[in-house]
Amino acid sequence: MVFVGFGFLMVFLQRYGFSSVGFTFLVATFTLQWATLVQGFLHSFHGGHIHVSVESLINADFCAGAVLISFGAVLGKTGPAQLLLMALLETVLFSVNEFILLSLLGVKDAGGSMTIHTFGAYFGLFLSRVLYRSQLEKSRHRQSSVYHSDLFAMIGTIFLWIFWPSFNSAPTALGDGQHRTALNTYYSLTASTLSTFALSALVSGDGRLDMVHIQNAALAGGVVVGTSSEMMLTPFGAVAAGFLAGTVSTLGYKFFTPVLEFRFKIQDTCGVHNLHGMPGLLGALLGVLVTWLATHEAYGDGLQNVFPLIAAGQRSPTSQAVYQLFGMFVTLLSAAVGGSLAGLLLRLPFLDSPPDSQCFEDQVYWEVPGEQEAEVQRPLQSEETQA
Amino acid sequence: MVFVGFGFLMVFLQRYGFSSVGFTFLVATFTLQWATLVQGFLHSFHGGHIHVSVESLINADFCAGAVLISFGAVLGKTGPAQLLLMALLETVLFSVNEFILLSLLGVKDAGGSMTIHTFGAYFGLFLSRVLYRSQLEKSRHRQSSVYHSDLFAMIGTIFLWIFWPSFNSAPTALGDGQHRTALNTYYSLTASTLSTFALSALVSGDGRLDMVHIQNAALAGGVVVGTSSEMMLTPFGAVAAGFLAGTVSTLGYKFFTPVLEFRFKIQDTCGVHNLHGMPGLLGALLGVLVTWLATHEAYGDGLQNVFPLIAAGQRSPTSQAVYQLFGMFVTLLSAAVGGSLAGLLLRLPFLDSPPDSQCFEDQVYWEVPGEQEAEVQRPLQSEETQA
Amino acid sequence: MVFVGFGFLMVFLQRYGFSSVGFTFLVATFTLQWATLVQGFLHSFHGGHIHVSVESLINADFCAGAVLISFGAVLGKTGPAQLLLMALLETVLFSVNEFILLSLLGVKDAGGSMTIHTFGAYFGLFLSRVLYRSQLEKSRHRQSSVYHSDLFAMIGTIFLWIFWPSFNSAPTALGDGQHRTALNTYYSLTASTLSTFALSALVSGDGRLDMVHIQNAALAGGVVVGTSSEMMLTPFGAVAAGFLAGTVSTLGYKFFTPVLEFRFKIQDTCGVHNLHGMPGLLGALLGVLVTWLATHEAYGDGLQNVFPLIAAGQRSPTSQAVYQLFGMFVTLLSAAVGGSLAGLLLRLPFLDSPPDSQCFEDQVYWEVPGEQEAEVQRPLQSEETQA
C-alpha cells in the first residue's frame, strides 16, 4: 500500500516521475529488508534466530513509511546512493526510537503519529537543512507540476486516503478496537478533506483551488489521529481533529513552506512538514489529551487492550499522558539529532549528489525515452491519411 | 473504492481532470459525513445518540455512490457550490427512499439496482433537464477525450470492475449468500464486457472499437444484477443478464444519448442513463422476475436470509415480487420529483455556475499549471546536449 | 488483480495503450468464462452439473494469468480475433496441463511457476515464433515508450508487486501455510527488486537505470518462488532466489532478447521470456530442490498440507522431486507443441492480423481521439487571456 500511495503522491514533478516512483520502490524494498533485520533483532531475537511473522512485515512497512516521508523532504535533490544510506541510518534510528517509545516507555501510538509521521518528517527536515542548496534556483523551473503529473499524484492521494483506515488499524487488537480505529480515522479524513477544500479556496485570493493542497492536506486527517484513533476519541473528536489538521496543513503549504525555505534554509520539496510534521505533532498532543481523559467507565473491558498499564493499575491516566508527552519529545530529539548526523554523512563527496542545475531531473539517473509523443504522432496521422 | 473508481472514470474529459477527481473527492467526503447523520437518524437513533458502525459506513458509501452517479450527468456544467447543495438534497432523499423501500416495503435490493443506480441516474437526469443549456455548443470542443485521459479513465473502469463483486456482496449475509452474490456479479460482468466489445465493433461502421463503450458499458453487468445477485439467479441467468445489460448500454451510448439531448433536452455528460439508468431498471425488473420464481426448495435454509418475509410466511413470492415492482416505481417517482426540485434550487444565481463557454474547463475552479510539458522539455533537452 | 496489473504493465507502448488495456480486458473476461467451463468439466463435473465456487473463480483467474502472459509475447502484432482464438486454445491446453500436473502427477505448484508462468511464456514464445514478421522494422518506431506511458506501466508493476504475495498464497491451505507463502514471496520480491536496480545500473554503461528493467525484472522474485513459496524455503532461501531471479531477468532484457529475435526469430514484445520464462523454469527447479530436501522434522504437522503424498508414505521426498521435475518437462512440451499449433491456426487469413507497418498502433482497432491536447490547449489559453 505504502508503495502505490507514496510513489504516486510524489509524481507531481514534471520531470521527476521516473525517479519519484522508481526510488520510492528502491528505498522501500531496501527498508523492508533492513527493517526486518533491525526490528527482528530488537523485538523477536530468540535463541540466535529472528522470528518473522506477518506482524514483522507490518512493522517493517511502517518503518518504510517513515523513510519515504523523509524522502519527500529531499525529493529531487539526492541520488540513489544517498537515499540508500539515508534509509540505512534512518531505519536503525526509527527502530530504536520505536523500541524506546513502545517497549520501554509504554507509550501507545498505533497509527504512528509520533513514531512514523513526526519522526519521519523532522528527520527529513533536519537532513534537508544540512543539505541546503543555495543555488537551487537553477532547477526551479522544473520544480512544478504539469497537468498529467498532477493527475498521477491524485492516484497516490486517493489510495492513501482509502487505505489509511486499514493502515491505522493494522496493529490494533482485533474486534472493537480495530473497528473504532478505522471509524475514527475515516471521520477524521472526511473532515480534513472538507476543511482543505474550504481553506484552499479561501487563501488563494481568486477563489480557485490549488491541487497541491488537495493532494496533500486532505490526508492530514489520517496523520492527526494516528495516536488517538485507537482510543475513545468519539466521532465528534475525530471530525474536530481532522478539521484542524486540514486547516493547519493547508495554511502551512500556503504560508509556512516559503518561510521554512527562506528563513530556516529548509527546502521541503513535498511539504512533509505540512502533511506529516505539524499534523503528527498535533496528533501526539491529541493523544496526550485523550489519554489524560481516559476512564474505566468509558473503555470497559477494552481498557485492557488500549491501555494495559492503566488496566493493570500500574499507571494512572495522568501519568500515562505524561509518558505520551515525553515520548513525543524523545521522538523529536532523536529525529533532529539523527537527521542532522545523517545529513553530514550524506554530504560525503563520493555519493553521487546531482548538481544544482540538474535537480528534479530524471535524465541524470534514468534512460528517458527521447522523443515526445507529440512529435511521434504527427507522422503517424499523415500516414493514416494516406492509407 | 467508490472514490478511485468514480473519480477516474470521469477523468476522460481533456480539460476537466482536476475537477473530475477533485470534485468527486469533495462531494464524496461531504456525502459520507452527511449521510452518516441522515441515515443514522433514520436507522440507528436510540436514546438521543446515533450509533455508528462499519455498517453505517458502508451505507454512507452507497449513498455517495448514488450522488456521484448524479454528478456524472451534470459533470462539467456545475460548480462546487451547486454540487454540494445537490449532495445535501440528494442524500436526504436517497436515505428516505431507501428507508421506504428496505424498511417499510420490505423490498430486497442488496447491490442497489434501484436504490443506488436507478435513483442516482434519474435524479441526475431530471436535474440536468432543469439545468439545460442551449448554448453548450460553445464548450463542445472541450467535451471530448485525449489519449492519456482515456487511459486514466480505464483505471477507474478496471477498479470498479474488480471491486463490484465485493460492492454488491458487502451488505448481504455472510457465508453462502455472500459467495453467491459475488459469483453472480462476476459472471454478469464478464458477460457484459464481452457483449460490449462485440456491440461496439458492430455499431461503429468500420469495425473499430470505441473507448467510451468499453469504459462504461462493460460495467453494466454489475448494475443489472444489483437487486438479484443475492438471489438464486444461477450463473446462466447472470450471464444472460450481463449480456443484455452490455448490449442495451452500448446501444444507448451510440443511439440514445443524442436523442436524449436533442429531443428531451437532457445533456448527460457521462452517459449515466446508459450505464446506470437503463441497466438499473433492467436490474429492478430482473429482481421482480427472480423473486416471483423463488421457491422454498431452491433456497432451503437460505430463504431466511434472502427473503425473510417469505420464509416467515407473511408474503408469497408473488406478493413479494409486486412489492419489488412497486419499489421501483417509488424510486423513479422520488428521483424525478427530487431531481427536478433540486434543479430549480441549483439555478439560484448566487451559486457559481460556470458560463456556457467555460464548461468542461478546469481553469475556472483550479490553479492549472500554466506551462505545458512539451514546451518545458525542449530547453531541457538542449541543455543536456550542451552538457 | 490480474486485470489492473497486466493491463497497465503493457501500457508502456506509446501508441498501443488502448489496445493493451482494452484487449487485456477482453481476453481476460473471455478466458474467465471459458476457463470456468473447461476447468469445471475437468475438476467439478458431478451429475451433469458443473459446481462453481470462489475456488473455481481463482482457478479461472490463474488461467487468465497464463493467457495474458502469452499475450505479452505477441502484443502489438495480433488482432482481437486472433487473441480470442489464442485464448480459446490456450485455456483448454492450460487446463489439461494443470490437470495432468496437479491431479495425475501429484505435483505441487501453488503459485504456478510451472503451470502459469513457464506454460504461458513458452506458449507465447512458440506462438510468436510461428507468427514471425521479418518486416516488423516498419513499425519499430512505435515500439518504444514515452514518458507518461512508462508511468502508467509502473502502476501495473506496483500493483502486481503488492498483490503477488496474495496471488501465490491464494490456493494454499489457510493458516501457517498461507502466512509462510506470503512471507516467502514478499522476501523474494524485495530481493529481486534490489538486484534489478543494481544490475540495471551496472549493465547500462553510463550507470543510468532503465525503466523497462524496473517495470519487469523487479517482479521476477514473485515468479521464481511460485512453486516453492508454500514449502520450507526459509527467508534466506527466498531472498537468494529473488536475487537470482532479478539478476537473470535483467540480464535477459539486456542481452538475451535481441539474441532471441535475431537468432531464433522470436519477437517477444514484452520480454515475457525474461519475466516469466526463465524465472518460471528457475522456480520449477527450485521447487525440485526444496522438495528433495523436505523432511518430516522440518514440516511437522504441516507436511500433510504441503506434501500429502509424502505424509501418507506413498512417496519419498526424492520421488516427489522427480515428479516435480517431470511436471516441468510436461509443461514445456505441452507449451511448445500447443503454442506452435496455435500459431499455425492464428495465421489463417480471415483473422484480421494487422499489416507489418501498422503494428503497435491503436488506430487499427480503436477510434482514437484525433486532436492532441497540445493543440487544443493553445486556443483555450488565449481565450482565457481575453477573458
# chains A, B, ... in the order shown; residues from 1 in each chain; ligands from 1
>>> interface_residues(of="chain B", to="chain C", cutoff="9 Å", atoms="only C-alpha atoms", output="VMD selection string")
chain B and resid 14 to 15 141 to 142 144 to 148 150 to 152 154 to 155 158 to 159 162 179 to 180 182 to 183 186 to 187 189 to 191 193 to 194 197 201 204 207 to 211 214 235 363 370 372 374
>>> residues_around(residues="Ala87 in chain C", least_positions_apart="3", cutoff="9 Å", atoms="only C-alpha atoms", output="PyMOL selection string")
chain C and resi 27-28+30-31+34+64+67-68+71+82-84+90-92
>>> atom_distance(atom1="CA of Pro349 in chain B", atom2="CA of Leu131 in chain B")
12.2 Å
>>> residues_around(residues="range 304-311 of chain A", least_positions_apart="5", cutoff="8 Å", atoms="only C-alpha atoms", output="PyMOL selection string")
chain A and resi 106+108+173+177+230-231+296+316-317+320
>>> write_last_selection(atoms="N, CA and C atoms", output="mmCIF file, in the first residue's frame")
data_model
loop_
_atom_site.group_PDB
_atom_site.id
_atom_site.type_symbol
_atom_site.label_atom_id
_atom_site.label_comp_id
_atom_site.auth_asym_id
_atom_site.auth_seq_id
_atom_site.Cartn_x
_atom_site.Cartn_y
_atom_site.Cartn_z
ATOM 1 N N GLY A 106 6.286 2.427 27.278
ATOM 2 C CA GLY A 106 4.887 2.009 27.295
ATOM 3 C C GLY A 106 3.946 3.026 26.684
ATOM 4 N N LYS A 108 1.498 4.543 23.813
ATOM 5 C CA LYS A 108 0.608 3.988 22.794
ATOM 6 C C LYS A 108 0.676 4.863 21.547
ATOM 7 N N ALA A 173 -5.673 -4.267 18.326
ATOM 8 C CA ALA A 173 -6.282 -5.555 18.649
ATOM 9 C C ALA A 173 -7.519 -5.772 17.801
ATOM 10 N N GLY A 177 -11.727 -2.698 19.031
ATOM 11 C CA GLY A 177 -10.656 -1.718 18.923
ATOM 12 C C GLY A 177 -10.341 -1.398 17.478
ATOM 13 N N GLU A 230 -7.155 4.771 18.141
ATOM 14 C CA GLU A 230 -7.463 3.536 18.865
ATOM 15 C C GLU A 230 -8.235 3.832 20.148
ATOM 16 N N MET A 231 -8.097 5.064 20.608
ATOM 17 C CA MET A 231 -8.688 5.427 21.898
ATOM 18 C C MET A 231 -10.122 5.913 21.734
ATOM 19 N N HIS A 296 -12.092 4.261 33.394
ATOM 20 C CA HIS A 296 -12.504 2.855 33.342
ATOM 21 C C HIS A 296 -13.914 2.728 32.784
ATOM 22 N N SER A 316 -1.675 5.768 36.391
ATOM 23 C CA SER A 316 -2.929 6.500 36.300
ATOM 24 C C SER A 316 -3.026 7.090 34.901
ATOM 25 N N PRO A 317 -4.234 7.470 34.453
ATOM 26 C CA PRO A 317 -4.328 8.124 33.146
ATOM 27 C C PRO A 317 -3.403 9.328 33.045
ATOM 28 N N GLN A 320 0.162 8.175 32.449
ATOM 29 C CA GLN A 320 0.268 7.676 31.075
ATOM 30 C C GLN A 320 0.343 8.848 30.092
#
>>> closest_residue(among="C:Ile69, C:Leu303, C:Leu88, C:Leu325", to="Leu37 in chain C", atoms="only C-alpha atoms")
C:Leu88
>>> select_by_dssp(residues="range 87-307 of chain A", states="alpha helix (DSSP H)", output="PDB file with C-alpha atoms, in the first residue's frame")
ATOM      1  CA  ALA A  87      17.393   4.544   4.596  1.00  0.00           C
ATOM      2  CA  LEU A  88      20.151   2.526   6.265  1.00  0.00           C
ATOM      3  CA  LEU A  89      20.635   5.071   9.036  1.00  0.00           C
ATOM      4  CA  GLU A  90      17.025   6.085   9.468  1.00  0.00           C
ATOM      5  CA  THR A  91      15.809   2.510   9.775  1.00  0.00           C
ATOM      6  CA  VAL A  92      18.133   1.865  12.695  1.00  0.00           C
ATOM      7  CA  LEU A  93      17.159   5.068  14.435  1.00  0.00           C
ATOM      8  CA  PHE A  94      13.476   4.554  13.700  1.00  0.00           C
ATOM      9  CA  SER A  95      13.584   1.097  15.225  1.00  0.00           C
ATOM     10  CA  VAL A  96      15.467   2.281  18.297  1.00  0.00           C
ATOM     11  CA  ASN A  97      13.070   5.197  18.793  1.00  0.00           C
ATOM     12  CA  GLU A  98      10.081   2.920  18.331  1.00  0.00           C
ATOM     13  CA  PHE A 119       9.886  11.143  13.293  1.00  0.00           C
ATOM     14  CA  GLY A 120       9.951  10.804   9.511  1.00  0.00           C
ATOM     15  CA  ALA A 121       9.117  14.437   8.877  1.00  0.00           C
ATOM     16  CA  TYR A 122      11.624  16.027  11.249  1.00  0.00           C
ATOM     17  CA  PHE A 123      14.344  13.544  10.311  1.00  0.00           C
ATOM     18  CA  GLY A 124      13.848  14.594   6.702  1.00  0.00           C
ATOM     19  CA  LEU A 125      13.650  18.292   7.514  1.00  0.00           C
ATOM     20  CA  PHE A 126      16.863  18.360   9.532  1.00  0.00           C
ATOM     21  CA  LEU A 127      18.503  16.303   6.814  1.00  0.00           C
ATOM     22  CA  SER A 128      17.307  18.791   4.214  1.00  0.00           C
ATOM     23  CA  ARG A 129      18.659  21.639   6.358  1.00  0.00           C
ATOM     24  CA  VAL A 130      22.146  20.145   6.320  1.00  0.00           C
ATOM     25  CA  TYR A 147      -1.406  18.655 -15.896  1.00  0.00           C
ATOM     26  CA  HIS A 148      -0.968  14.910 -16.192  1.00  0.00           C
ATOM     27  CA  SER A 149       1.587  14.651 -13.418  1.00  0.00           C
ATOM     28  CA  ASP A 150      -0.943  16.163 -11.037  1.00  0.00           C
ATOM     29  CA  LEU A 151      -3.467  13.540 -12.060  1.00  0.00           C
ATOM     30  CA  PHE A 152      -0.945  10.787 -11.394  1.00  0.00           C
ATOM     31  CA  ALA A 153      -0.348  12.307  -7.967  1.00  0.00           C
ATOM     32  CA  MET A 154      -4.075  12.161  -7.249  1.00  0.00           C
ATOM     33  CA  ILE A 155      -3.888   8.383  -7.735  1.00  0.00           C
ATOM     34  CA  GLY A 156      -1.494   8.374  -4.803  1.00  0.00           C
ATOM     35  CA  THR A 157      -3.680  10.652  -2.712  1.00  0.00           C
ATOM     36  CA  ILE A 158      -6.832   8.660  -3.190  1.00  0.00           C
ATOM     37  CA  PHE A 159      -5.074   5.381  -2.488  1.00  0.00           C
ATOM     38  CA  LEU A 160      -3.600   6.651   0.715  1.00  0.00           C
ATOM     39  CA  TRP A 161      -6.989   8.056   1.685  1.00  0.00           C
ATOM     40  CA  ILE A 162      -8.754   4.752   1.124  1.00  0.00           C
ATOM     41  CA  PHE A 163      -6.188   2.611   2.866  1.00  0.00           C
ATOM     42  CA  TRP A 164      -5.454   4.921   5.780  1.00  0.00           C
ATOM     43  CA  PRO A 165      -8.178   3.449   7.999  1.00  0.00           C
ATOM     44  CA  SER A 166      -6.644  -0.005   7.436  1.00  0.00           C
ATOM     45  CA  PHE A 167      -3.184   1.425   7.980  1.00  0.00           C
ATOM     46  CA  ASN A 168      -4.021   2.954  11.353  1.00  0.00           C
ATOM     47  CA  SER A 169      -5.935  -0.099  12.490  1.00  0.00           C
ATOM     48  CA  ASP A 176     -13.997  -3.500  18.745  1.00  0.00           C
ATOM     49  CA  GLY A 177     -10.656  -1.718  18.923  1.00  0.00           C
ATOM     50  CA  GLN A 178      -9.954  -2.225  15.245  1.00  0.00           C
ATOM     51  CA  HIS A 179     -13.415  -1.037  14.201  1.00  0.00           C
ATOM     52  CA  ARG A 180     -13.096   2.027  16.405  1.00  0.00           C
ATOM     53  CA  THR A 181      -9.711   2.854  14.933  1.00  0.00           C
ATOM     54  CA  ALA A 182     -10.963   2.537  11.367  1.00  0.00           C
ATOM     55  CA  LEU A 183     -14.070   4.651  12.018  1.00  0.00           C
ATOM     56  CA  ASN A 184     -12.174   7.408  13.821  1.00  0.00           C
ATOM     57  CA  THR A 185      -9.602   7.596  11.040  1.00  0.00           C
ATOM     58  CA  TYR A 186     -12.298   7.730   8.440  1.00  0.00           C
ATOM     59  CA  TYR A 187     -14.249  10.521  10.128  1.00  0.00           C
ATOM     60  CA  SER A 188     -11.070  12.500  10.589  1.00  0.00           C
ATOM     61  CA  LEU A 189     -10.147  12.074   6.924  1.00  0.00           C
ATOM     62  CA  THR A 190     -13.530  13.268   5.689  1.00  0.00           C
ATOM     63  CA  ALA A 191     -13.210  16.344   7.911  1.00  0.00           C
ATOM     64  CA  SER A 192      -9.677  17.186   6.803  1.00  0.00           C
ATOM     65  CA  THR A 193     -10.687  16.809   3.156  1.00  0.00           C
ATOM     66  CA  LEU A 194     -13.556  19.229   3.549  1.00  0.00           C
ATOM     67  CA  SER A 195     -11.543  21.785   5.510  1.00  0.00           C
ATOM     68  CA  THR A 196      -8.767  21.569   2.932  1.00  0.00           C
ATOM     69  CA  PHE A 197     -11.156  22.355   0.080  1.00  0.00           C
ATOM     70  CA  ALA A 198     -12.624  25.266   2.000  1.00  0.00           C
ATOM     71  CA  LEU A 199      -9.255  26.707   3.052  1.00  0.00           C
ATOM     72  CA  SER A 200      -7.658  26.191  -0.328  1.00  0.00           C
ATOM     73  CA  ALA A 201     -10.327  28.315  -1.976  1.00  0.00           C
ATOM     74  CA  LEU A 202     -10.179  30.916   0.806  1.00  0.00           C
ATOM     75  CA  VAL A 203      -6.432  31.520   0.805  1.00  0.00           C
ATOM     76  CA  MET A 211      -4.148  20.903  -6.484  1.00  0.00           C
ATOM     77  CA  VAL A 212      -1.163  20.712  -4.149  1.00  0.00           C
ATOM     78  CA  HIS A 213      -3.403  21.340  -1.164  1.00  0.00           C
ATOM     79  CA  ILE A 214      -5.942  18.753  -2.200  1.00  0.00           C
ATOM     80  CA  GLN A 215      -3.249  16.161  -2.910  1.00  0.00           C
ATOM     81  CA  ASN A 216      -1.666  16.567   0.482  1.00  0.00           C
ATOM     82  CA  ALA A 217      -3.627  18.381   3.146  1.00  0.00           C
ATOM     83  CA  ALA A 220      -3.672  15.265   7.247  1.00  0.00           C
ATOM     84  CA  GLY A 221      -6.742  13.862   8.977  1.00  0.00           C
ATOM     85  CA  GLY A 222      -5.209  10.415   8.833  1.00  0.00           C
ATOM     86  CA  VAL A 223      -1.972  11.615  10.377  1.00  0.00           C
ATOM     87  CA  VAL A 224      -3.553  13.539  13.217  1.00  0.00           C
ATOM     88  CA  THR A 234     -15.530   9.817  19.698  1.00  0.00           C
ATOM     89  CA  PRO A 235     -16.669  10.661  16.145  1.00  0.00           C
ATOM     90  CA  PHE A 236     -17.037  14.308  17.100  1.00  0.00           C
ATOM     91  CA  GLY A 237     -13.450  14.395  18.367  1.00  0.00           C
ATOM     92  CA  ALA A 238     -12.237  12.744  15.174  1.00  0.00           C
ATOM     93  CA  VAL A 239     -14.068  15.251  12.992  1.00  0.00           C
ATOM     94  CA  ALA A 240     -12.729  18.170  15.012  1.00  0.00           C
ATOM     95  CA  ALA A 241      -9.190  16.809  14.854  1.00  0.00           C
ATOM     96  CA  GLY A 242      -9.427  16.231  11.129  1.00  0.00           C
ATOM     97  CA  PHE A 243     -10.831  19.695  10.540  1.00  0.00           C
ATOM     98  CA  LEU A 244      -7.981  21.242  12.493  1.00  0.00           C
ATOM     99  CA  ALA A 245      -5.350  19.137  10.739  1.00  0.00           C
ATOM    100  CA  GLY A 246      -6.631  20.005   7.273  1.00  0.00           C
ATOM    101  CA  THR A 247      -6.654  23.675   8.193  1.00  0.00           C
ATOM    102  CA  VAL A 248      -3.164  23.714   9.660  1.00  0.00           C
ATOM    103  CA  SER A 249      -1.791  21.719   6.769  1.00  0.00           C
ATOM    104  CA  THR A 250      -3.306  23.914   4.048  1.00  0.00           C
ATOM    105  CA  LEU A 251      -2.172  27.088   5.783  1.00  0.00           C
ATOM    106  CA  THR A 257       6.738  26.475   3.410  1.00  0.00           C
ATOM    107  CA  PRO A 258       8.229  29.696   1.955  1.00  0.00           C
ATOM    108  CA  VAL A 259       9.207  30.830   5.467  1.00  0.00           C
ATOM    109  CA  LEU A 260      10.801  27.470   6.096  1.00  0.00           C
ATOM    110  CA  GLU A 261      12.886  27.810   2.972  1.00  0.00           C
ATOM    111  CA  PHE A 262      13.947  31.435   3.128  1.00  0.00           C
ATOM    112  CA  VAL A 272       6.264  16.964   4.512  1.00  0.00           C
ATOM    113  CA  MET A 278       2.660  19.558  12.108  1.00  0.00           C
ATOM    114  CA  PRO A 279      -0.264  17.100  11.935  1.00  0.00           C
ATOM    115  CA  GLY A 280       1.988  14.481  13.557  1.00  0.00           C
ATOM    116  CA  LEU A 281       2.766  16.794  16.479  1.00  0.00           C
ATOM    117  CA  LEU A 282      -0.906  17.714  16.749  1.00  0.00           C
ATOM    118  CA  GLY A 283      -1.719  14.031  16.763  1.00  0.00           C
ATOM    119  CA  ALA A 284       0.768  13.365  19.544  1.00  0.00           C
ATOM    120  CA  LEU A 285      -0.727  16.160  21.633  1.00  0.00           C
ATOM    121  CA  LEU A 286      -4.226  14.898  20.896  1.00  0.00           C
ATOM    122  CA  GLY A 287      -3.086  11.507  22.137  1.00  0.00           C
ATOM    123  CA  VAL A 288      -1.879  13.110  25.367  1.00  0.00           C
ATOM    124  CA  LEU A 289      -5.259  14.777  25.830  1.00  0.00           C
ATOM    125  CA  VAL A 290      -7.359  11.705  25.103  1.00  0.00           C
ATOM    126  CA  THR A 291      -5.140   9.553  27.326  1.00  0.00           C
ATOM    127  CA  TRP A 292      -5.497  12.029  30.148  1.00  0.00           C
ATOM    128  CA  HIS A 296     -12.504   2.855  33.342  1.00  0.00           C
ATOM    129  CA  GLU A 297     -16.154   3.607  32.640  1.00  0.00           C
ATOM    130  CA  ALA A 298     -15.613   4.786  29.075  1.00  0.00           C
ATOM    131  CA  TYR A 299     -13.455   1.853  27.965  1.00  0.00           C
ATOM    132  CA  LEU A 303      -9.133  -0.803  28.592  1.00  0.00           C
ATOM    133  CA  GLN A 304      -7.006  -3.951  28.794  1.00  0.00           C
ATOM    134  CA  ASN A 305      -6.247  -3.657  25.064  1.00  0.00           C
ATOM    135  CA  VAL A 306      -5.836   0.073  24.733  1.00  0.00           C
TER     136      VAL A 306
END
>>> atom_distance(atom1="CA of Gly112 in chain B", atom2="CA of Gly226 in chain B")
5.2 Å
>>> select_by_dssp(residues="range 43-96 of chain A", states="strand (DSSP E)", output="PyMOL selection string")
chain A and resi 45-46+49-50
>>> atom_distance(atom1="CA of Gly252 in chain A", atom2="CA of Arg140 in chain A")
20.2 Å
